[in-house]
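Structure file protein.txt with compact mmCIF, C-alpha atoms:
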# COMPACT_ATOMS: atom_id res chain seq x y z
CA MET A 1396 -38.95 30.84 189.81
CA ASN A 1397 -40.91 28.51 192.01
CA ARG A 1398 -43.58 26.48 190.25
CA TYR A 1399 -46.22 27.49 192.83
CA VAL A 1400 -45.49 31.18 192.36
CA LEU A 1401 -46.01 30.71 188.62
CA TYR A 1402 -49.37 29.00 189.29
CA ILE A 1403 -50.43 31.87 191.54
CA ILE A 1404 -49.45 34.43 188.90
CA ILE A 1405 -51.40 32.53 186.24
CA PHE A 1406 -54.39 32.18 188.59
CA PHE A 1407 -54.55 35.90 189.41
CA SER A 1408 -53.96 36.86 185.77
CA GLY A 1409 -56.90 34.68 184.78
CA MET A 1410 -59.03 36.22 187.53
CA LEU A 1411 -58.11 39.71 186.33
CA LEU A 1412 -58.92 38.86 182.70
CA GLY A 1413 -62.21 37.25 183.73
CA MET A 1414 -63.22 40.24 185.82
CA THR A 1415 -62.29 42.60 182.99
CA PHE A 1416 -64.39 40.56 180.54
CA LEU A 1417 -67.38 40.49 182.91
CA TRP A 1418 -67.14 44.22 183.55
CA HIS A 1419 -67.03 44.88 179.79
CA TYR A 1420 -69.91 42.46 179.14
CA TYR A 1421 -72.17 44.04 181.76
CA THR A 1422 -71.27 47.57 180.62
CA VAL A 1423 -72.18 46.76 177.01
CA THR A 1424 -75.37 44.96 178.11
CA GLU A 1425 -76.38 47.95 180.22
CA LEU A 1426 -75.72 50.38 177.35
CA LEU A 1427 -77.78 48.27 174.95
CA SER A 1428 -80.60 48.11 177.48
CA GLU A 1429 -80.51 51.89 177.91
CA GLN A 1430 -80.53 52.36 174.13
CA LYS A 1431 -83.55 50.09 173.73
CA GLU A 1432 -85.36 51.92 176.54
CA SER A 1433 -84.51 55.26 174.92
CA GLU A 1434 -85.88 54.06 171.55
CA GLU A 1435 -89.10 52.87 173.21
CA ILE A 1436 -89.52 56.25 174.92
CA CYS A 1437 -88.95 57.99 171.58
CA VAL A 1438 -91.60 55.88 169.83
CA LYS A 1439 -94.06 56.50 172.66
CA TRP A 1440 -93.37 60.23 172.58
CA ARG A 1441 -93.92 60.34 168.83
CA ALA A 1442 -97.20 58.48 169.12
CA GLU A 1443 -98.47 60.92 171.72
CA HIS A 1444 -97.20 64.15 170.14
CA PHE A 1445 -97.10 63.71 166.38
CA LYS A 1446 -100.47 64.20 164.81
CA LEU A 1447 -100.65 63.36 161.13
CA SER A 1448 -100.32 66.43 158.94
CA LYS A 1449 -98.43 67.30 155.78
CA ASP A 1450 -95.77 69.17 157.74
CA ASN A 1451 -95.31 66.45 160.35
CA LEU A 1452 -95.19 63.75 157.69
CA TYR A 1453 -92.63 65.68 155.65
CA ASN A 1454 -90.49 66.21 158.76
CA GLU A 1455 -90.75 62.50 159.58
CA LEU A 1456 -89.71 61.57 156.03
CA ILE A 1457 -86.63 63.76 156.47
CA ALA A 1458 -85.92 62.37 159.97
CA GLN A 1459 -86.09 58.78 158.73
CA GLU A 1460 -83.87 59.65 155.74
CA ILE A 1461 -86.42 58.77 153.09
CA ASP A 1462 -85.11 59.42 149.59
CA TYR A 1463 -87.18 61.92 147.58
CA PRO A 1464 -89.32 62.99 150.54
CA LYS A 1465 -91.48 65.40 148.53
CA ILE A 1466 -92.47 62.66 146.09
CA VAL A 1467 -93.11 60.22 148.93
CA LEU A 1468 -95.25 62.86 150.68
CA ALA A 1469 -97.25 63.19 147.46
CA GLN A 1470 -97.63 59.40 147.40
CA ALA A 1471 -99.02 59.40 150.94
CA ILE A 1472 -101.48 62.18 150.10
CA LEU A 1473 -102.68 60.27 147.04
CA GLU A 1474 -102.80 56.88 148.76
CA THR A 1475 -104.80 58.21 151.72
CA GLY A 1476 -107.04 60.74 149.98
CA HIS A 1477 -105.44 63.57 151.97
CA PHE A 1478 -105.24 61.42 155.12
CA THR A 1479 -108.96 60.53 155.12
CA SER A 1480 -108.97 56.90 153.93
CA TYR A 1481 -109.92 53.93 156.10
CA SER A 1482 -106.43 52.49 155.66
CA CYS A 1483 -104.93 55.71 156.98
CA LYS A 1484 -107.32 56.28 159.88
CA GLU A 1485 -107.74 52.68 161.06
CA ARG A 1486 -104.48 51.05 159.98
CA ASN A 1487 -102.08 54.03 160.09
CA ASN A 1488 -100.98 52.82 156.65
CA LEU A 1489 -100.01 55.85 154.56
CA PHE A 1490 -98.69 54.08 151.49
CA GLY A 1491 -101.04 51.17 150.85
CA LEU A 1492 -98.35 48.76 151.97
CA ARG A 1493 -99.34 45.12 151.82
CA ARG A 1494 -98.09 41.83 153.17
CA LYS A 1495 -97.06 39.00 150.89
CA ASP A 1496 -100.56 37.51 151.20
CA GLY A 1497 -102.05 40.75 149.79
CA SER A 1498 -103.61 42.01 153.02
CA TYR A 1499 -102.92 45.56 154.10
CA MET A 1500 -100.37 46.16 156.83
CA THR A 1501 -101.50 47.77 160.08
CA PHE A 1502 -99.28 50.02 162.19
CA ASP A 1503 -99.49 51.29 165.76
CA HIS A 1504 -98.70 54.82 164.58
CA TRP A 1505 -98.33 56.47 161.21
CA THR A 1506 -94.60 57.04 161.80
CA ASN A 1507 -94.19 53.26 161.74
CA SER A 1508 -95.69 53.27 158.25
CA VAL A 1509 -92.88 55.61 157.18
CA HIS A 1510 -90.36 53.21 158.69
CA ALA A 1511 -91.94 50.30 156.78
CA TYR A 1512 -91.82 52.30 153.55
CA LYS A 1513 -88.08 52.76 154.01
CA LYS A 1514 -87.63 49.11 154.98
CA TYR A 1515 -89.70 47.52 152.22
CA ILE A 1516 -89.63 50.04 149.37
CA GLN A 1517 -86.38 51.97 149.63
CA LYS A 1518 -83.91 50.07 151.80
CA TYR A 1519 -83.35 46.98 149.67
CA LYS A 1520 -83.84 48.62 146.30
CA GLU A 1521 -81.30 50.69 144.43
CA ILE A 1522 -82.87 54.13 144.12
CA PRO A 1523 -82.19 55.67 140.69
CA ASN A 1524 -82.02 59.38 139.93
CA ASP A 1525 -85.53 59.19 138.43
CA TYR A 1526 -87.73 58.17 141.35
CA TYR A 1527 -90.84 58.13 139.17
CA LYS A 1528 -89.20 55.55 136.90
CA PHE A 1529 -88.29 53.58 140.02
CA LEU A 1530 -91.96 53.54 141.10
CA ASN A 1531 -93.07 52.43 137.64
CA ASP A 1532 -90.41 49.72 137.41
CA LEU A 1533 -91.31 48.54 140.90
CA GLY A 1534 -94.95 48.24 139.89
CA TYR A 1535 -95.84 50.23 142.97
CA ALA A 1536 -99.47 50.86 142.02
CA GLU A 1537 -102.12 49.15 139.95
CA ASP A 1538 -103.37 52.48 138.58
CA SER A 1539 -101.76 53.16 135.18
CA VAL A 1540 -101.76 56.93 135.81
CA TYR A 1541 -100.44 56.68 139.37
CA VAL A 1542 -97.15 58.44 138.62
CA VAL A 1543 -98.96 61.23 136.75
CA ARG A 1544 -101.19 61.80 139.79
CA VAL A 1545 -98.24 61.77 142.19
CA LYS A 1546 -96.46 64.33 139.99
CA GLN A 1547 -99.53 66.58 140.04
CA ILE A 1548 -99.74 66.45 143.82
CA GLU A 1549 -96.00 67.03 144.17
CA ASN A 1550 -96.29 70.14 141.99
CA GLU A 1551 -99.12 71.44 144.22
CA ILE A 1552 -97.10 70.98 147.41
Could you take the file, read its structure, and then write that structure out as structure tokens?
Amino acid sequence: MNRYVLYIIIFFSGMLLGMTFLWHYYTVTELLSEQKESEEICVKWRAEHFKLSKDNLYNELIAQEIDYPKIVLAQAILETGHFTSYSCKERNNLFGLRRKDGSYMTFDHWTNSVHAYKKYIQKYKEIPNDYYKFLNDLGYAEDSVYVVRVKQIENEI
């Protein structure tokens, strides 16, 4: 086979591979962009349509795959004084979540507080069968009867 024919074959093969790579790259980039846009629309929709209530919070706990959603709902009710506390109304913080410096976290919408609970309390911790023991071992609250109060609220729900 002629050397020049071989060079032409190699050249066109490289062009074809390059074009295939670029097509794949732009397709993946476009899909990721669409996914991000879809997530932003979802967050915006939630903010506009989800008012804070026990039912909506419970449904959000389920949607975000929070372990022990009934107990976590009881925590939110206790932490916020039935959704009336300053932290709840002004910060959208349902669980008294704090930063490392001790200041309370602030969220754009209460559903983001649920996401933070999963991220900071449940995601990186091994959740035992006894969630109340988990909360005690974690040192979740300063109140020594916190778990007792959460249990009472859970039983009322």
In Å, rounded to a single decimal, give me how far CA of Val1467 (chain A) is from CA of Lys1513 (chain A).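 A separation of 10.3 Å between them.
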Please determine, counting only C-alpha atoms, which residue among A:Tyr1481, A:Lys1495, A:Ala1469, A:Val1509 has the shortest atom-to-atom distance to Arg1544 (chain A). A:Ala1469
What separates CA of Val1545 (chain A) and CA of Tyr1527 (chain A) is a distance of 8.8 Å
Contacts of region 1474-1480 of chain A at 10 Å (only C-alpha atoms; same-chain gap of 2+ positions) as a PyMOL selection string: chain A and resi 1447-1449+1468-1472+1482-1492+1536+1541+1545
So that I can see what lies close to Lys1465 (chain A), please list as an MDAnalysis selection string the residues with an atom at most 12 Å from it, counting all atoms listed in the file and leaving out residues fewer than 4 positions away in the same chain. chainID A and resid 1449:1450 1452:1457 1460:1461 1469:1472 1526:1527 1545:1552
Suppose we keep C-alpha atoms; can you now write the selection as a compact mmCIF listing (two decimals), keeping the file's coordinate frame?
# COMPACT_ATOMS: atom_id res chain seq x y z
CA LYS A 1449 -98.43 67.30 155.78
CA ASP A 1450 -95.77 69.17 157.74
CA LEU A 1452 -95.19 63.75 157.69
CA TYR A 1453 -92.63 65.68 155.65
CA ASN A 1454 -90.49 66.21 158.76
CA GLU A 1455 -90.75 62.50 159.58
CA LEU A 1456 -89.71 61.57 156.03
CA ILE A 1457 -86.63 63.76 156.47
CA GLU A 1460 -83.87 59.65 155.74
CA ILE A 1461 -86.42 58.77 153.09
CA ALA A 1469 -97.25 63.19 147.46
CA GLN A 1470 -97.63 59.40 147.40
CA ALA A 1471 -99.02 59.40 150.94
CA ILE A 1472 -101.48 62.18 150.10
CA TYR A 1526 -87.73 58.17 141.35
CA TYR A 1527 -90.84 58.13 139.17
CA VAL A 1545 -98.24 61.77 142.19
CA LYS A 1546 -96.46 64.33 139.99
CA GLN A 1547 -99.53 66.58 140.04
CA ILE A 1548 -99.74 66.45 143.82
CA GLU A 1549 -96.00 67.03 144.17
CA ASN A 1550 -96.29 70.14 141.99
CA GLU A 1551 -99.12 71.44 144.22
CA ILE A 1552 -97.10 70.98 147.41
